[in-house]
Amino acid sequence: VHGEQQERSMALKMEAMDLQGTQNWEAALSKWNDAISANPSLAMLYAGRANCYMKMKNAKAAIADCEVGIALNPNSAKPYKVRGRAYRHLGEWEKAATDLRQGQQLDYDEATAEFHKQVEERAKKFFEHHRRQEIRRREKDEKNKLKELKRRQAELKKQRERERAEEEATASSAFPGGMPSGMGGMPGMPPGSEAFAQQMFSDPEVMAAMQDPEVQALLPKLMSGDPEAMAKVQSNPKLAKLMAKFGGMFGGGGMGAAPHAPPAADAGFQPAFNNDVD
């Protein structure tokens, strides 16, 4: 910027300030525009026009001019002070307090000091208010997370119960008419052997074997003590292995070793459960 332009911009600045003194804001704004056009690199001109915008209640335009002024000269106090007033006008108390604090550090003046004090007090209240809101928001989020966790746990529990019920229903379907309570209908097993039945139903190998049509057809006959079915166990490795597994579940000595078992059942099943099957 040449010397003539600098002088012209200063002259236009003085005219703009005189017009502001008469509250002729539109005419003052025009002079500020001309002054900036003559010397666009001078930070104080943008701060002056920003102050004129504030008189016209255009805080956003004032903030934009102050940001240009601060970019041109970060050590100029006036852009911070004017922007602080603009933020206060918009209700952004914390930003206003920050800018006014910075402006006063660069160039303290009594006129701004009282205004700055009021803004700081209000900003502190807003800060505390926002802090409490943030605490409540976090507490609410934690409660919602805990509630969602409990809901998922309950849903998972229901799903597992449904799956268990389906497994038991599948196992029962292997026996025509359903599985007798306590497996009391199987020779060699005393009534009330629910623990054995539960162990049997939870064994994947047993459950898989029970889906075999041959096993499904033979098991009811074995339960009734059919001698022909018992003989088939001896000649069928698959059935012998399954019966041996039943015997191991029931105590390792075969179902025929169970107390109170009928003698015929002992004689029929004991050899099959003691065979070693690969």
# chains A, B, ... in the order shown; residues from 1 in each chain; ligands from 1
call {"tool": "select_by_dssp", "arguments": {"residues": "region 66-220 of chain A", "states": "alpha helix (DSSP H)", "output": "ChimeraX atom specification"}}
result
/A:66-72,77-89,93-106,110-172,194-201,204-209,213-220
call {"tool": "write_last_selection", "arguments": {"atoms": "C-alpha atoms", "output": "compact mmCIF listing (two decimals), in the first residue's frame"}}
result
# COMPACT_ATOMS: atom_id res chain seq x y z
CA CYS A 66 -12.82 -9.32 13.71
CA GLU A 67 -11.55 -12.69 12.54
CA VAL A 68 -9.93 -11.01 9.53
CA GLY A 69 -8.40 -8.36 11.82
CA ILE A 70 -7.02 -11.00 14.20
CA ALA A 71 -5.55 -12.95 11.29
CA LEU A 72 -3.80 -9.79 10.06
CA ALA A 77 -6.56 -5.86 21.13
CA LYS A 78 -9.58 -4.22 19.52
CA PRO A 79 -10.70 -7.13 17.29
CA TYR A 80 -10.80 -9.39 20.37
CA LYS A 81 -12.79 -6.85 22.38
CA VAL A 82 -15.32 -6.22 19.61
CA ARG A 83 -15.70 -9.93 18.90
CA GLY A 84 -16.19 -10.53 22.62
CA ARG A 85 -19.09 -8.09 22.62
CA ALA A 86 -20.51 -9.74 19.50
CA TYR A 87 -20.41 -13.19 21.14
CA ARG A 88 -22.08 -11.76 24.22
CA HIS A 89 -24.82 -10.35 21.97
CA TRP A 93 -20.90 -16.32 27.05
CA GLU A 94 -17.83 -18.53 27.26
CA LYS A 95 -16.50 -17.36 23.88
CA ALA A 96 -17.23 -13.78 24.86
CA ALA A 97 -15.32 -14.13 28.13
CA THR A 98 -12.34 -15.69 26.34
CA ASP A 99 -12.10 -12.88 23.76
CA LEU A 100 -12.56 -10.09 26.31
CA ARG A 101 -9.92 -11.68 28.54
CA GLN A 102 -7.48 -11.79 25.62
CA GLY A 103 -8.24 -8.22 24.58
CA GLN A 104 -7.68 -6.93 28.13
CA GLN A 105 -4.38 -8.77 28.37
CA LEU A 106 -3.20 -7.07 25.19
CA GLU A 110 -11.42 0.53 32.36
CA ALA A 111 -14.37 0.84 29.98
CA THR A 112 -14.04 -2.81 28.99
CA ALA A 113 -13.09 -4.04 32.48
CA GLU A 114 -16.58 -3.75 34.03
CA PHE A 115 -18.25 -5.27 31.00
CA HIS A 116 -15.68 -8.08 31.03
CA LYS A 117 -16.37 -8.78 34.73
CA GLN A 118 -20.12 -9.18 34.10
CA VAL A 119 -19.47 -11.50 31.16
CA GLU A 120 -17.05 -13.66 33.19
CA GLU A 121 -19.64 -14.11 35.96
CA ARG A 122 -22.32 -15.09 33.49
CA ALA A 123 -19.91 -17.39 31.62
CA LYS A 124 -19.06 -19.17 34.89
CA LYS A 125 -22.76 -19.85 35.55
CA PHE A 126 -23.21 -21.19 32.03
CA PHE A 127 -20.12 -23.35 32.42
CA GLU A 128 -21.47 -24.88 35.63
CA HIS A 129 -24.86 -25.38 34.02
CA HIS A 130 -23.34 -27.15 31.02
CA ARG A 131 -21.14 -29.23 33.31
CA ARG A 132 -24.17 -30.44 35.30
CA GLN A 133 -26.00 -31.17 32.07
CA GLU A 134 -23.04 -33.23 30.84
CA ILE A 135 -22.95 -35.19 34.11
CA ARG A 136 -26.68 -35.93 33.85
CA ARG A 137 -26.28 -36.93 30.20
CA ARG A 138 -23.49 -39.35 31.04
CA GLU A 139 -25.47 -40.84 33.94
CA LYS A 140 -28.44 -41.30 31.64
CA ASP A 141 -26.25 -42.96 29.02
CA GLU A 142 -24.86 -45.35 31.64
CA LYS A 143 -28.37 -46.25 32.83
CA ASN A 144 -29.49 -46.86 29.25
CA LYS A 145 -26.43 -49.04 28.60
CA LEU A 146 -27.10 -51.07 31.75
CA LYS A 147 -30.77 -51.42 30.82
CA GLU A 148 -29.83 -52.60 27.32
CA LEU A 149 -27.31 -55.07 28.77
CA LYS A 150 -29.96 -56.57 31.07
CA ARG A 151 -32.41 -56.77 28.16
CA ARG A 152 -29.88 -58.64 26.04
CA GLN A 153 -29.02 -60.98 28.90
CA ALA A 154 -32.70 -61.76 29.44
CA GLU A 155 -33.19 -62.35 25.71
CA LEU A 156 -30.15 -64.63 25.61
CA LYS A 157 -31.50 -66.59 28.58
CA LYS A 158 -34.88 -67.02 26.86
CA GLN A 159 -33.15 -68.11 23.66
CA ARG A 160 -31.12 -70.73 25.52
CA GLU A 161 -34.25 -72.00 27.27
CA ARG A 162 -36.01 -72.29 23.90
CA GLU A 163 -33.05 -74.17 22.43
CA ARG A 164 -32.96 -76.51 25.43
CA ALA A 165 -36.67 -77.17 25.11
CA GLU A 166 -36.27 -77.87 21.38
CA GLU A 167 -33.40 -80.31 22.10
CA GLU A 168 -35.49 -82.13 24.68
CA ALA A 169 -38.45 -82.25 22.31
CA THR A 170 -36.21 -83.65 19.56
CA ALA A 171 -34.84 -86.28 21.91
CA SER A 172 -38.31 -87.30 23.07
CA GLU A 194 -33.93 -87.96 35.85
CA ALA A 195 -30.23 -87.14 36.25
CA PHE A 196 -29.35 -89.94 33.85
CA ALA A 197 -31.90 -88.73 31.30
CA GLN A 198 -30.62 -85.17 31.56
CA GLN A 199 -27.04 -86.33 31.03
CA MET A 200 -28.14 -88.40 28.07
CA PHE A 201 -29.97 -85.51 26.44
CA PRO A 204 -24.19 -84.66 21.40
CA GLU A 205 -23.12 -88.19 20.39
CA VAL A 206 -26.17 -89.77 22.04
CA MET A 207 -28.49 -87.16 20.55
CA ALA A 208 -27.04 -87.79 17.09
CA ALA A 209 -27.45 -91.57 17.49
CA PRO A 213 -33.90 -94.57 12.18
CA GLU A 214 -32.39 -97.95 13.10
CA VAL A 215 -31.74 -96.81 16.67
CA GLN A 216 -35.22 -95.24 16.91
CA ALA A 217 -36.80 -98.49 15.80
CA LEU A 218 -34.80 -100.69 18.19
CA LEU A 219 -34.77 -98.63 21.41
CA PRO A 220 -38.46 -99.14 22.32
call {"tool": "residues_around", "arguments": {"residues": "Ser30 (chain A)", "least_positions_apart": "5", "cutoff": "12 Å", "atoms": "only C-alpha atoms", "output": "ChimeraX atom specification"}}
result
/A:12-13,15-17,19-20,24-25,35-37,48-49,52-53
